[in-house]
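Chemist: TSV, C-alpha atoms and all ligand atoms, file my_file-v5.tsv:
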```tsv
chain	number	residue	atom	x	y	z
A	1	MET	CA	-8.44	-61.11	70.68
A	2	ASP	CA	-6.71	-57.98	71.99
A	3	LEU	CA	-9.63	-55.74	71.10
A	4	LEU	CA	-12.10	-57.73	73.18
A	5	ASP	CA	-9.70	-58.07	76.11
A	6	THR	CA	-9.26	-54.31	76.10
A	7	LEU	CA	-12.99	-53.61	75.82
A	8	THR	CA	-13.81	-56.07	78.58
A	9	ALA	CA	-11.22	-54.60	80.93
A	10	LYS	CA	-12.48	-51.09	80.30
A	11	GLY	CA	-16.11	-52.12	80.64
A	12	LEU	CA	-15.49	-53.87	83.94
A	13	ARG	CA	-13.96	-50.63	85.20
A	14	GLY	CA	-16.90	-48.61	83.85
A	15	GLU	CA	-14.73	-46.88	81.27
A	16	THR	CA	-15.71	-46.15	77.72
A	17	PRO	CA	-13.69	-47.36	74.72
A	18	THR	CA	-12.13	-45.12	72.13
A	19	ARG	CA	-14.07	-44.29	69.02
A	20	GLU	CA	-11.75	-46.55	66.99
A	21	GLU	CA	-12.42	-49.46	69.34
A	22	ALA	CA	-16.18	-48.91	69.02
A	23	LEU	CA	-15.89	-48.92	65.24
A	24	ALA	CA	-13.81	-52.10	65.40
A	25	VAL	CA	-16.64	-53.90	67.21
A	26	LEU	CA	-18.94	-53.16	64.28
A	27	ALA	CA	-16.30	-54.50	61.88
A	28	THR	CA	-15.85	-57.90	63.55
A	29	THR	CA	-16.61	-60.99	61.49
A	30	ASP	CA	-19.25	-63.66	62.03
A	31	ASP	CA	-16.46	-66.02	63.17
A	32	GLU	CA	-15.74	-63.60	66.01
A	33	LEU	CA	-19.37	-62.94	66.90
A	34	LEU	CA	-19.77	-65.25	69.89
A	35	ASP	CA	-16.53	-63.89	71.37
A	36	VAL	CA	-17.96	-60.37	71.00
A	37	VAL	CA	-21.20	-61.41	72.72
A	38	ALA	CA	-19.25	-63.13	75.51
A	39	ALA	CA	-17.09	-60.05	76.12
A	40	ALA	CA	-20.10	-57.74	76.20
A	41	GLY	CA	-21.83	-60.30	78.42
A	42	ARG	CA	-19.07	-60.05	81.03
A	43	VAL	CA	-19.53	-56.29	81.16
A	44	ARG	CA	-23.31	-56.65	81.34
A	45	ARG	CA	-23.09	-59.12	84.25
A	46	ARG	CA	-20.62	-56.90	86.11
A	47	TRP	CA	-23.11	-54.06	86.33
A	48	PHE	CA	-26.51	-55.71	85.95
A	49	GLY	CA	-26.08	-59.32	86.95
A	50	ARG	CA	-28.51	-61.65	85.20
A	51	ARG	CA	-31.47	-59.36	85.66
A	52	VAL	CA	-33.72	-58.29	82.79
A	53	LYS	CA	-35.82	-55.20	83.28
A	54	LEU	CA	-39.22	-55.39	81.62
A	55	ASN	CA	-40.90	-52.25	80.29
A	56	TYR	CA	-44.40	-51.93	78.93
A	57	LEU	CA	-45.55	-49.51	76.26
A	58	VAL	CA	-48.92	-47.80	76.38
A	59	ASN	CA	-49.65	-45.78	73.27
A	60	LEU	CA	-51.81	-42.96	74.63
A	61	LYS	CA	-52.42	-41.35	71.24
A	62	SER	CA	-51.70	-43.12	67.99
A	63	GLY	CA	-51.01	-41.78	64.51
A	64	LEU	CA	-51.97	-38.41	63.03
A	65	CYS	CA	-48.60	-36.82	63.79
A	66	PRO	CA	-47.64	-33.58	61.99
A	67	GLU	CA	-43.92	-34.44	62.10
A	68	ASP	CA	-42.18	-36.18	59.19
A	69	CYS	CA	-39.79	-38.67	60.81
A	70	SER	CA	-39.12	-41.01	57.89
A	71	TYR	CA	-38.93	-44.15	60.01
A	72	CYS	CA	-42.25	-43.64	61.75
A	73	SER	CA	-45.56	-45.27	60.88
A	74	GLN	CA	-47.38	-42.38	62.62
A	75	ARG	CA	-45.71	-39.65	60.57
A	76	LEU	CA	-47.27	-36.99	58.42
A	77	GLY	CA	-48.47	-38.66	55.22
A	78	SER	CA	-47.91	-42.22	56.46
A	79	LYS	CA	-49.92	-44.76	54.48
A	80	ALA	CA	-49.26	-47.47	57.05
A	81	GLU	CA	-52.57	-48.99	58.15
A	82	ILE	CA	-51.93	-48.55	61.84
A	83	LEU	CA	-54.42	-47.90	64.63
A	84	LYS	CA	-55.25	-44.22	64.82
A	85	TYR	CA	-56.89	-42.76	67.90
A	86	THR	CA	-56.74	-39.70	70.10
A	87	TRP	CA	-55.90	-39.56	73.81
A	88	LEU	CA	-56.87	-42.57	75.92
A	89	LYS	CA	-58.75	-41.67	79.07
A	90	PRO	CA	-56.73	-42.06	82.29
A	91	GLY	CA	-58.73	-45.15	83.29
A	92	GLN	CA	-58.18	-46.79	79.91
A	93	ALA	CA	-54.45	-46.12	80.06
A	94	ALA	CA	-54.24	-47.41	83.63
A	95	GLU	CA	-56.03	-50.56	82.57
A	96	ALA	CA	-53.53	-51.14	79.77
A	97	ALA	CA	-50.63	-50.41	82.15
A	98	LYS	CA	-52.00	-52.91	84.64
A	99	ALA	CA	-51.73	-55.68	82.07
A	100	GLY	CA	-48.04	-54.97	81.60
A	101	VAL	CA	-47.31	-54.72	85.31
A	102	SER	CA	-49.16	-57.98	85.91
A	103	GLY	CA	-46.94	-59.57	83.29
A	104	GLY	CA	-43.79	-58.51	85.14
A	105	ALA	CA	-43.06	-55.00	83.85
A	106	LYS	CA	-41.65	-52.59	86.44
A	107	ARG	CA	-41.79	-49.59	84.13
A	108	VAL	CA	-44.71	-48.29	82.10
A	109	CYS	CA	-43.86	-46.05	79.13
A	110	LEU	CA	-46.63	-43.62	78.27
A	111	VAL	CA	-46.24	-42.48	74.69
A	112	ALA	CA	-48.17	-39.98	72.60
A	113	SER	CA	-47.61	-39.14	68.96
A	114	GLY	CA	-47.12	-35.51	68.05
A	115	ARG	CA	-44.52	-32.77	67.93
A	116	GLY	CA	-44.87	-32.11	71.64
A	117	PRO	CA	-47.48	-31.79	74.36
A	118	THR	CA	-49.74	-28.82	75.02
A	119	ASP	CA	-50.24	-27.77	78.61
A	120	ARG	CA	-53.65	-29.49	78.43
A	121	ASP	CA	-51.84	-32.67	77.35
A	122	ILE	CA	-49.63	-32.43	80.42
A	123	ASP	CA	-52.85	-32.30	82.48
A	124	ARG	CA	-54.06	-35.47	80.77
A	125	VAL	CA	-50.79	-37.25	81.49
A	126	THR	CA	-50.88	-36.02	85.09
A	127	ASP	CA	-54.29	-37.64	85.55
A	128	THR	CA	-53.08	-40.81	83.87
A	129	VAL	CA	-50.00	-41.08	86.08
A	130	ALA	CA	-52.20	-40.61	89.15
A	131	ALA	CA	-54.45	-43.45	88.01
A	132	ILE	CA	-51.50	-45.77	87.37
A	133	LYS	CA	-49.75	-44.99	90.63
A	134	GLU	CA	-52.96	-45.30	92.59
A	135	ALA	CA	-53.17	-48.90	91.40
A	136	ASP	CA	-49.47	-49.56	92.05
A	137	PRO	CA	-47.36	-46.83	93.66
A	138	ALA	CA	-44.09	-48.69	92.99
A	139	VAL	CA	-44.39	-48.78	89.23
A	140	GLU	CA	-41.95	-46.52	87.36
A	141	VAL	CA	-43.55	-44.23	84.82
A	142	CYS	CA	-41.70	-42.89	81.79
A	143	ALA	CA	-43.36	-40.30	79.58
A	144	CYS	CA	-42.61	-39.88	75.89
A	145	LEU	CA	-44.56	-36.97	74.52
A	146	GLY	CA	-42.21	-35.35	72.03
A	147	LEU	CA	-40.45	-31.99	72.29
A	148	LEU	CA	-40.92	-30.27	75.62
A	149	SER	CA	-41.56	-26.57	76.17
A	150	ASP	CA	-40.32	-24.63	79.16
A	151	ASN	CA	-41.62	-25.85	82.51
A	152	GLN	CA	-43.34	-28.96	81.10
A	153	ALA	CA	-40.62	-31.29	82.38
A	154	GLU	CA	-41.01	-29.78	85.85
A	155	ARG	CA	-44.76	-30.33	85.69
A	156	LEU	CA	-44.27	-33.96	84.71
A	157	LYS	CA	-41.81	-34.45	87.55
A	158	ALA	CA	-44.31	-32.94	90.00
A	159	ALA	CA	-46.97	-35.29	88.63
A	160	GLY	CA	-44.89	-38.30	89.66
A	161	VAL	CA	-43.31	-39.13	86.31
A	162	ASP	CA	-39.95	-40.84	86.90
A	163	ALA	CA	-38.31	-40.67	83.49
A	164	TYR	CA	-38.65	-39.02	80.10
A	165	ASN	CA	-37.85	-40.65	76.80
A	166	HIS	CA	-36.76	-38.75	73.75
A	167	ASN	CA	-34.47	-40.57	71.35
A	168	LEU	CA	-31.68	-38.92	69.38
A	169	ASN	CA	-32.23	-41.72	66.86
A	170	THR	CA	-29.20	-41.08	64.65
A	171	SER	CA	-26.09	-38.94	64.34
A	172	GLU	CA	-26.22	-35.17	64.20
A	173	GLY	CA	-24.65	-35.32	60.74
A	174	THR	CA	-27.38	-37.46	59.24
A	175	TYR	CA	-30.38	-36.23	61.22
A	176	GLY	CA	-31.58	-33.94	58.44
A	177	ASP	CA	-31.95	-37.00	56.21
A	178	ILE	CA	-34.54	-38.62	58.46
A	179	ALA	CA	-36.63	-35.64	59.59
A	180	THR	CA	-37.06	-32.06	58.46
A	181	THR	CA	-39.77	-30.73	60.78
A	182	HIS	CA	-37.43	-30.58	63.77
A	183	THR	CA	-33.69	-30.81	64.33
A	184	TYR	CA	-31.19	-32.91	66.20
A	185	ALA	CA	-30.59	-29.88	68.42
A	186	ASP	CA	-34.31	-29.80	69.28
A	187	ARG	CA	-34.05	-33.40	70.46
A	188	VAL	CA	-30.94	-32.73	72.53
A	189	ASP	CA	-32.67	-29.75	74.09
A	190	THR	CA	-35.61	-31.86	75.22
A	191	VAL	CA	-33.38	-34.53	76.76
A	192	GLN	CA	-31.54	-31.79	78.62
A	193	LYS	CA	-34.81	-30.20	79.78
A	194	ALA	CA	-35.96	-33.56	81.15
A	195	HIS	CA	-32.66	-34.20	82.87
A	196	GLY	CA	-32.57	-30.68	84.25
A	197	ALA	CA	-36.00	-31.14	85.81
A	198	GLY	CA	-34.83	-34.22	87.65
A	199	LEU	CA	-36.37	-36.81	85.35
A	200	SER	CA	-34.27	-39.83	84.51
A	201	ALA	CA	-33.20	-39.36	80.92
A	202	CYS	CA	-33.98	-42.14	78.49
A	203	SER	CA	-32.63	-41.62	75.01
A	204	GLY	CA	-31.59	-44.04	72.32
A	205	LEU	CA	-31.21	-44.74	68.65
A	206	ILE	CA	-32.64	-46.49	65.64
A	207	ALA	CA	-30.31	-48.72	63.64
A	208	GLY	CA	-30.95	-49.95	60.13
A	209	MET	CA	-31.90	-46.68	58.45
A	210	GLY	CA	-28.99	-46.91	56.02
A	211	GLU	CA	-26.61	-45.09	58.36
A	212	SER	CA	-22.86	-45.68	58.35
A	213	ASP	CA	-20.85	-47.22	61.17
A	214	ASP	CA	-19.54	-43.73	61.91
A	215	ASP	CA	-23.11	-42.47	62.33
A	216	LEU	CA	-23.90	-45.24	64.79
A	217	VAL	CA	-20.77	-44.59	66.82
A	218	ASP	CA	-21.47	-40.84	66.76
A	219	VAL	CA	-24.95	-41.17	68.20
A	220	VAL	CA	-23.94	-43.73	70.82
A	221	PHE	CA	-21.12	-41.51	72.11
A	222	ALA	CA	-23.50	-38.53	72.05
A	223	LEU	CA	-25.94	-40.47	74.22
A	224	ARG	CA	-23.16	-41.27	76.67
A	225	GLU	CA	-22.20	-37.61	76.85
A	226	LEU	CA	-25.83	-36.58	77.37
A	227	GLY	CA	-25.92	-38.76	80.47
A	228	SER	CA	-28.80	-40.94	79.36
A	229	ASP	CA	-29.64	-43.40	82.15
A	230	SER	CA	-31.10	-45.80	79.65
A	231	VAL	CA	-30.42	-46.34	75.98
A	232	PRO	CA	-33.14	-48.03	73.94
A	233	VAL	CA	-31.73	-49.60	70.79
A	234	ASN	CA	-34.40	-49.78	68.12
A	235	PHE	CA	-33.94	-51.76	64.94
A	236	LEU	CA	-35.85	-50.16	62.11
A	237	ILE	CA	-39.23	-51.74	61.47
A	238	PRO	CA	-39.72	-50.94	57.78
A	239	PHE	CA	-43.44	-50.29	57.70
A	240	GLU	CA	-45.20	-50.45	54.36
A	241	GLY	CA	-46.51	-46.95	53.67
A	242	THR	CA	-43.45	-45.13	55.07
A	243	PRO	CA	-40.45	-43.78	53.13
A	244	LEU	CA	-38.17	-46.42	54.64
A	245	ALA	CA	-40.34	-49.42	53.82
A	246	LYS	CA	-37.61	-50.95	51.64
A	247	GLU	CA	-34.74	-50.39	54.11
A	248	TRP	CA	-33.97	-53.94	55.10
A	249	ASN	CA	-30.33	-53.52	56.07
A	250	LEU	CA	-30.03	-55.57	59.22
A	251	THR	CA	-29.07	-59.13	59.96
A	252	PRO	CA	-29.30	-60.79	63.40
A	253	GLN	CA	-25.49	-60.78	63.53
A	254	ARG	CA	-25.32	-57.08	62.73
A	255	CYS	CA	-27.87	-56.36	65.47
A	256	LEU	CA	-25.73	-58.21	68.01
A	257	ARG	CA	-22.63	-56.23	67.00
A	258	ILE	CA	-24.56	-52.98	67.37
A	259	LEU	CA	-25.84	-54.00	70.79
A	260	ALA	CA	-22.32	-54.97	71.86
A	261	MET	CA	-20.92	-51.64	70.71
A	262	VAL	CA	-23.64	-49.80	72.63
A	263	ARG	CA	-22.86	-51.87	75.73
A	264	PHE	CA	-19.10	-51.20	75.56
A	265	VAL	CA	-19.68	-47.45	75.18
A	266	ASN	CA	-22.31	-47.49	77.95
A	267	PRO	CA	-21.03	-50.23	80.25
A	268	ASP	CA	-23.02	-49.18	83.33
A	269	THR	CA	-26.11	-47.76	81.60
A	270	GLU	CA	-29.37	-49.57	81.04
A	271	VAL	CA	-29.24	-50.86	77.47
A	272	ARG	CA	-32.64	-51.86	76.18
A	273	ILE	CA	-33.47	-53.89	73.12
A	274	ALA	CA	-36.45	-51.94	71.83
A	275	GLY	CA	-38.56	-52.03	68.65
A	276	GLY	CA	-37.57	-54.49	65.94
A	277	ARG	CA	-36.26	-57.18	68.31
A	278	GLU	CA	-38.42	-59.95	66.91
A	279	VAL	CA	-38.17	-58.67	63.33
A	280	HIS	CA	-34.38	-58.47	63.13
A	281	LEU	CA	-32.81	-60.61	65.88
A	282	ARG	CA	-35.37	-63.33	65.35
A	283	SER	CA	-34.04	-66.66	66.68
A	284	LEU	CA	-30.95	-64.91	68.08
A	285	GLN	CA	-32.98	-62.82	70.56
A	286	PRO	CA	-31.68	-64.80	73.57
A	287	LEU	CA	-28.10	-63.84	72.67
A	288	GLY	CA	-29.19	-60.21	72.87
A	289	LEU	CA	-30.06	-60.74	76.53
A	290	HIS	CA	-26.39	-61.44	77.23
A	291	ILE	CA	-25.65	-57.87	76.14
A	292	ALA	CA	-28.73	-55.80	76.97
A	293	ASN	CA	-30.32	-55.78	80.44
A	294	SER	CA	-33.74	-54.51	79.44
A	295	ILE	CA	-36.48	-55.23	76.91
A	296	PHE	CA	-40.08	-54.32	76.20
A	297	LEU	CA	-42.69	-56.88	77.18
A	298	GLY	CA	-45.30	-57.71	74.57
A	299	ASP	CA	-46.32	-55.26	71.86
A	300	TYR	CA	-44.85	-51.98	70.59
A	301	LEU	CA	-46.59	-48.74	69.71
A	302	THR	CA	-47.98	-49.65	66.33
A	303	SER	CA	-46.64	-53.16	65.76
A	304	GLU	CA	-47.08	-56.44	67.57
A	305	GLY	CA	-44.28	-58.20	69.36
A	306	GLN	CA	-44.13	-61.85	70.25
A	307	ALA	CA	-46.48	-63.06	72.98
A	308	GLY	CA	-45.64	-61.72	76.42
A	309	GLN	CA	-45.36	-65.27	77.70
A	310	ALA	CA	-42.78	-65.99	74.99
A	311	ASP	CA	-40.70	-63.07	76.31
A	312	LEU	CA	-40.86	-64.48	79.82
A	313	ASP	CA	-40.04	-68.02	78.62
A	314	MET	CA	-37.08	-66.71	76.63
A	315	ILE	CA	-35.67	-64.91	79.67
A	316	ARG	CA	-35.99	-67.98	81.86
A	317	ASP	CA	-34.69	-70.41	79.24
A	318	ALA	CA	-31.61	-68.25	78.64
A	319	GLY	CA	-30.79	-68.31	82.36
A	320	PHE	CA	-31.83	-64.77	83.21
A	321	GLU	CA	-34.40	-63.46	85.68
A	322	VAL	CA	-36.98	-60.71	85.54
A	323	GLU	CA	-35.93	-57.70	87.62
A	324	GLY	CA	-38.30	-57.19	90.53
A	325	MET	CA	-40.21	-54.03	91.35
A	326	GLY	CA	-38.08	-53.40	94.45
A	327	GLU	CA	-34.73	-53.97	92.76
A	328	ASN	CA	-32.56	-51.18	91.47
A	329	THR	CA	-31.62	-51.14	87.84
A	330	LEU	CA	-28.58	-48.88	87.68
A	331	PRO	CA	-25.32	-49.53	89.53
A	332	ARG	CA	-24.93	-47.52	92.71
A	333	HIS	CA	-22.53	-44.94	91.30
A	334	ARG	CA	-24.84	-44.24	88.35
A	335	ALA	CA	-27.85	-44.11	90.61
A	336	ASP	CA	-26.08	-41.56	92.78
A	337	VAL	CA	-25.53	-39.38	89.74
A	338	ALA	CA	-29.19	-39.71	88.81
A	339	ALA	CA	-30.26	-38.97	92.36
A	340	GLN	CA	-28.08	-35.86	92.48
A	341	ALA	CA	-29.69	-34.66	89.30
A	342	SER	CA	-33.20	-35.55	90.27
A	343	GLY	CA	-33.57	-36.33	93.90
A	344	GLY	CA	-35.52	-39.33	92.76
A	345	CYS	CA	-35.53	-42.39	90.68
A	346	GLY	CA	-32.09	-43.90	90.66
A	347	THR	CA	-31.06	-45.55	93.87
A	348	ALA	CA	-29.11	-48.72	93.65
A	349	ALA	CA	-28.00	-52.09	94.82
A	350	PRO	CA	-24.65	-53.87	94.96
A	351	ALA	CA	-23.85	-53.76	91.32
A	352	ALA	CA	-26.95	-52.62	89.63
A	353	GLY	CA	-29.75	-50.19	90.06
A	354	GLY	CA	-32.39	-47.56	89.43
A	355	CYS	CA	-34.54	-46.26	86.82
A	356	GLY	CA	-34.16	-45.68	83.31
A	357	SER	CA	-35.47	-45.93	79.81
A	358	GLY	CA	-38.27	-45.43	77.38
A	359	GLY	CA	-38.51	-46.53	73.84
A	360	GLY	CA	-41.50	-44.43	73.00
A	361	CYS	CA	-41.60	-42.00	70.17
A	362	GLY	CA	-39.23	-43.97	68.00
A	363	PRO	CA	-39.72	-47.70	68.01
A	364	CYS	CA	-41.57	-47.43	64.79
A	365	GLY	CA	-39.15	-47.07	61.90
A	366	GLY	CA	-35.75	-45.77	60.00
A	367	HIS	CA	-33.47	-44.38	56.79
A	368	ALA	CA	-30.29	-42.97	55.17
A	369	HIS	CA	-27.40	-43.33	52.83
A	370	GLY	CA	-24.15	-44.88	51.98
A	371	ASP	CA	-21.98	-47.62	53.29
A	372	ALA	CA	-24.58	-49.21	55.45
A	373	ALA	CA	-24.68	-52.16	57.70
A	374	ALA	CA	-25.12	-55.55	56.14
A	375	GLY	CA	-23.66	-58.86	57.23
A	376	THR	CA	-19.96	-59.38	56.88
A	377	GLU	CA	-19.94	-62.91	55.58
A	378	ALA	CA	-21.88	-65.19	53.28
A	379	GLY	CA	-25.27	-66.37	54.48
A	380	THR	CA	-26.21	-63.18	56.33
A	381	GLU	CA	-28.51	-61.49	53.85
A	382	PRO	CA	-30.95	-59.05	55.44
A	383	ALA	CA	-34.48	-60.42	55.74
A	384	GLY	CA	-35.99	-58.06	53.20
A	385	ALA	CA	-33.23	-58.26	50.60
A	386	GLY	CA	-34.91	-58.46	47.23
A	387	ASP	CA	-37.41	-55.65	47.64
A	388	GLU	CA	-40.18	-57.80	49.06
A	389	ALA	CA	-42.45	-56.40	51.73
A	390	ARG	CA	-42.17	-58.63	54.81
A	391	THR	CA	-45.69	-58.49	56.15
A	392	ASP	CA	-44.94	-61.84	57.76
A	393	LEU	CA	-42.33	-60.12	59.96
A	394	VAL	CA	-44.00	-56.72	60.45
A	395	ARG	CA	-47.40	-57.13	62.08
A	396	VAL	CA	-49.45	-54.00	62.66
A	397	ARG	CA	-50.82	-53.85	66.21
A	398	ARG	CA	-54.51	-54.71	66.36
A	399	ARG	CA	-54.92	-55.40	70.09
A	400	GLY	CA	-54.44	-53.66	73.41
A	401	ALA	CA	-54.66	-49.88	73.93
A	402	GLY	CA	-57.14	-48.21	71.61
A	403	THR	CA	-58.93	-51.48	70.75
A	404	GLU	CA	-61.52	-53.74	72.31
A	405	LEU	CA	-59.07	-56.62	72.42
A	406	ALA	CA	-56.97	-57.63	75.43
A	407	PRO	CA	-53.39	-56.35	75.54
A	408	ASN	CA	-50.46	-58.66	74.91
A	409	ALA	CA	-48.51	-58.86	78.15
A	501	LIG	S1	-41.36	-40.38	65.82
A	501	LIG	FE1	-42.80	-39.16	67.09
A	501	LIG	S2	-42.61	-37.05	66.28
A	501	LIG	FE2	-41.73	-38.40	64.71
A	501	LIG	S3	-43.46	-38.81	63.30
A	501	LIG	FE3	-43.42	-40.49	64.84
A	501	LIG	S4	-44.86	-39.88	66.45
A	501	LIG	FE4	-44.35	-38.03	65.22
```
Would it be possible to restate this file's structure as structure tokens?
Ligand code: SF4

Modeler:
Amino acid sequence: MDLLDTLTAKGLRGETPTREEALAVLATTDDELLDVVAAAGRVRRRWFGRRVKLNYLVNLKSGLCPEDCSYCSQRLGSKAEILKYTWLKPGQAAEAAKAGVSGGAKRVCLVASGRGPTDRDIDRVTDTVAAIKEADPAVEVCACLGLLSDNQAERLKAAGVDAYNHNLNTSEGTYGDIATTHTYADRVDTVQKAHGAGLSACSGLIAGMGESDDDLVDVVFALRELGSDSVPVNFLIPFEGTPLAKEWNLTPQRCLRILAMVRFVNPDTEVRIAGGREVHLRSLQPLGLHIANSIFLGDYLTSEGQAGQADLDMIRDAGFEVEGMGENTLPRHRADVAAQASGGCGTAAPAAGGCGSGGGCGPCGGHAHGDAAAGTEAGTEPAGAGDEARTDLVRVRRRGAGTELAPNA
């Protein structure tokens, strides 16, 4: 297939495809799907080998958010029966982080719901980072605290934070459909503030909110232009009690096409399968590892993932290996760019390297309009087609941070 030959050749050179080529990936048929995965897999192996970076989410503050992101179970007015709690103490957060690191995670993602941190919140996170790094100085820490004010990114950097996550989530053109309490430009500004302060930028998207193929391609190219070191790809988890509870637009095949498109546009960037992996890829999760080089271990912010051991078994069974604490994630040339920007996190190895991604304030939901996703051939109906709530697929988190029960890692 000429398209895939072209995309592979460009990806192996670290070049991005044209917008038309990216759209064509999303339009491939189920008959072509394994060829698409194989082509994206060649690009993935060129830059990241067979390594899988594991990241671990710690929800520092859950629910009670004043923002109205339609996809989010923690949003203003959410009726989702999620855990709600205020800031974990540094020791509690470090304890949760330790579980993830023991399970193989090299990055801990500290997430707090809310529009953005106060200066007092930055103090809390500073103490938490100190507690985590005291236990294991090598662990990467990514913060995800919402919109940043002036000088907060610099304070996080000084506290030892390595990366900052703030997802663009969807295209600029459709952003007003998913949130009204802040803008796409606000989100871009925060990613730029983080990058400018020398933090590795982690910014991604949510697919399955009813967006068009053009919207998906728009946001993925925007993330490339922003210089995101890692791109978390969330698949909308349609929580009961949120405005997008009935948005079941995704099939496993569609998810793989989206991941492949993201990989081709970001050949040498960490691509992470984030929230919704188990819900939407289901039994095809191992194929996703051929495209993405990073996943979350265990549970998400407000929903439960599969058992941490199942993640590790899946990686091994599919012929991949967990990336070690001392290994670089990003390829050398990308790490150099990150190092120039930050003087930190981002050094690299032969064809891989550094530091980079988050998944925080975002792996909880989705929305939109029009000519959405959907499978291209018979037999690929989305899981929730027919208006039924899929409480069997969406499990609210009841363990780990903020509870008395052991974390899943
Ligand atoms: S995504 Fe973040 S800012 Fe938006 S409602 Fe959820 S917690 Fe609040």

Chemist: Neighbours of ligand LIG 501 (chain A) within 8 Å, counting all atoms listed in the file, as a list of chain:residue names?

Modeler: A:Ser62, A:Gly63, A:Leu64, A:Cys65, A:Pro66, A:Glu67, A:Asp68, A:Cys69, A:Ser70, A:Tyr71, A:Cys72, A:Ser73, A:Gln74, A:Arg75, A:Leu76, A:Ala112, A:Ser113, A:Gly114, A:Arg115, A:Gly116, A:Leu145, A:Gly146, A:Ala179, A:Cys361, A:Gly362, A:Pro363, A:Cys364

Chemist: Kindly assemble as CSV a list of the range 13-104 of chain A residues that lie within 10 Å of range 201-214 of chain A, each paired with its nearest atom pair and their distance in Å to one decimal, using all atoms listed in the file, sorted first by chain and then by ascending residue number.

Modeler:
```
residue,atom,partner,partner_atom,distance
A:Arg19,CA,A:Asp214,CA,9.0
A:Glu20,CA,A:Asp214,CA,9.7
A:Ala22,CA,A:Asp213,CA,9.3
A:Leu23,CA,A:Asp213,CA,6.6
A:Ala24,CA,A:Asp213,CA,9.6
A:Val25,CA,A:Asp213,CA,9.9
A:Leu26,CA,A:Asp213,CA,7.0
A:Ala27,CA,A:Asp213,CA,8.6
A:Ser70,CA,A:Met209,CA,9.2
A:Tyr71,CA,A:Met209,CA,7.6
```

Chemist: List as a ChimeraX atom specification: which residues have an atom within 12 Å of (-43.3, -32.8, 73.9), counting all atoms listed in the file?

Modeler: /A:67,111-122,125,143-153,156,164-166,182,186-187,189-191,193-194,360-361

Chemist: Looking at all atoms listed in the file, which of A:Gly77, A:Gly176, A:Gly276, A:Pro286 is the one that sits closest to Trp248 in chain A?

Modeler: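 Of the candidates, the smallest distance to Trp248 in chain A is held by A:Gly276.
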
Chemist: Could you tell me how far CA of Phe48 in chain A sits from CA of Gly324 in chain A, in Å to one decimal place?

Modeler: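 Computed distance, CA of Gly324 in chain A to CA of Phe48 in chain A, equals 12.7 Å.
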
Chemist: If you measure from CA of Ala105 in chain A to CA of Asn55 in chain A, what distance in Å do you get, rounded to one decimal?

Modeler: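 CA of Asn55 in chain A lies 5.0 Å from CA of Ala105 in chain A.
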
Chemist: In Å, how far is it from CA of Tyr175 in chain A to CA of Leu330 in chain A?

Modeler: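 Atom-to-atom, CA of Tyr175 in chain A to CA of Leu330 in chain A, that is 29.4 Å.
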
Chemist: Mind checking which residues fall within 6 Å of range 308-323 of chain A, counting only C-alpha atoms, ignoring those fewer than 4 positions away in the same chain, and posting them as a PyMOL selection string?

Modeler: chain A and resi 50-53+297-298+408-409

Chemist: Smallest atom-to-atom distance to Tyr85 in chain A: which of A:Val265, A:Leu60, A:Ala274, A:Val101, using all atoms listed in the file?

Modeler: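 The closest residue to Tyr85 in chain A is A:Leu60.
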
Chemist: For Arg13 in chain A, work out the shell of residues within 12 Å, counting only C-alpha atoms and skipping chain neighbours fewer than 3 positions away, then give it as an mmCIF file with C-alpha atoms, in the frame of the given file.

Modeler:
```cif
data_model
loop_
_atom_site.group_PDB
_atom_site.id
_atom_site.type_symbol
_atom_site.label_atom_id
_atom_site.label_comp_id
_atom_site.auth_asym_id
_atom_site.auth_seq_id
_atom_site.Cartn_x
_atom_site.Cartn_y
_atom_site.Cartn_z
ATOM 1 C CA THR A 6 -9.260 -54.310 76.100
ATOM 2 C CA LEU A 7 -12.990 -53.610 75.820
ATOM 3 C CA THR A 8 -13.810 -56.070 78.580
ATOM 4 C CA ALA A 9 -11.220 -54.600 80.930
ATOM 5 C CA LYS A 10 -12.480 -51.090 80.300
ATOM 6 C CA THR A 16 -15.710 -46.150 77.720
ATOM 7 C CA PRO A 17 -13.690 -47.360 74.720
ATOM 8 C CA ARG A 42 -19.070 -60.050 81.030
ATOM 9 C CA VAL A 43 -19.530 -56.290 81.160
ATOM 10 C CA ARG A 44 -23.310 -56.650 81.340
ATOM 11 C CA ARG A 46 -20.620 -56.900 86.110
ATOM 12 C CA TRP A 47 -23.110 -54.060 86.330
ATOM 13 C CA PHE A 264 -19.100 -51.200 75.560
ATOM 14 C CA VAL A 265 -19.680 -47.450 75.180
ATOM 15 C CA ASN A 266 -22.310 -47.490 77.950
ATOM 16 C CA PRO A 267 -21.030 -50.230 80.250
ATOM 17 C CA ASP A 268 -23.020 -49.180 83.330
ATOM 18 C CA HIS A 333 -22.530 -44.940 91.300
#
```

Chemist: Just want the 6 Å neighbourhood of Arg397 in chain A, counted on only C-alpha atoms, with same-chain residues fewer than 4 positions away dropped. Output as a PyMOL selection string.

Modeler: chain A and resi 302-304

Chemist: Just give me the residues with any atom within 6 Å of (-53.1, -50.8, 86.2), file coordinates, counting only C-alpha atoms, written as number ranges by chain.

Modeler: A: 94-95, 97-98, 132, 135

Chemist: Using all atoms listed in the file, which residue out of A:Arg332, A:Gly11, A:Asp5, A:Ala185 lies closest to Gly173 in chain A?

Modeler: A:Ala185

Chemist: Please define a box with edges along x, y and z of the file around all atoms of range 167-180 of chain A given in the file, extend it by 5 Å on each side, and return its centre and edge lengths in Å to one decimal, as JSON.

Modeler:
```
{"center_x": -30.9, "center_y": -36.9, "center_z": 63.8, "size_x": 22.4, "size_y": 19.7, "size_z": 25.1}
```
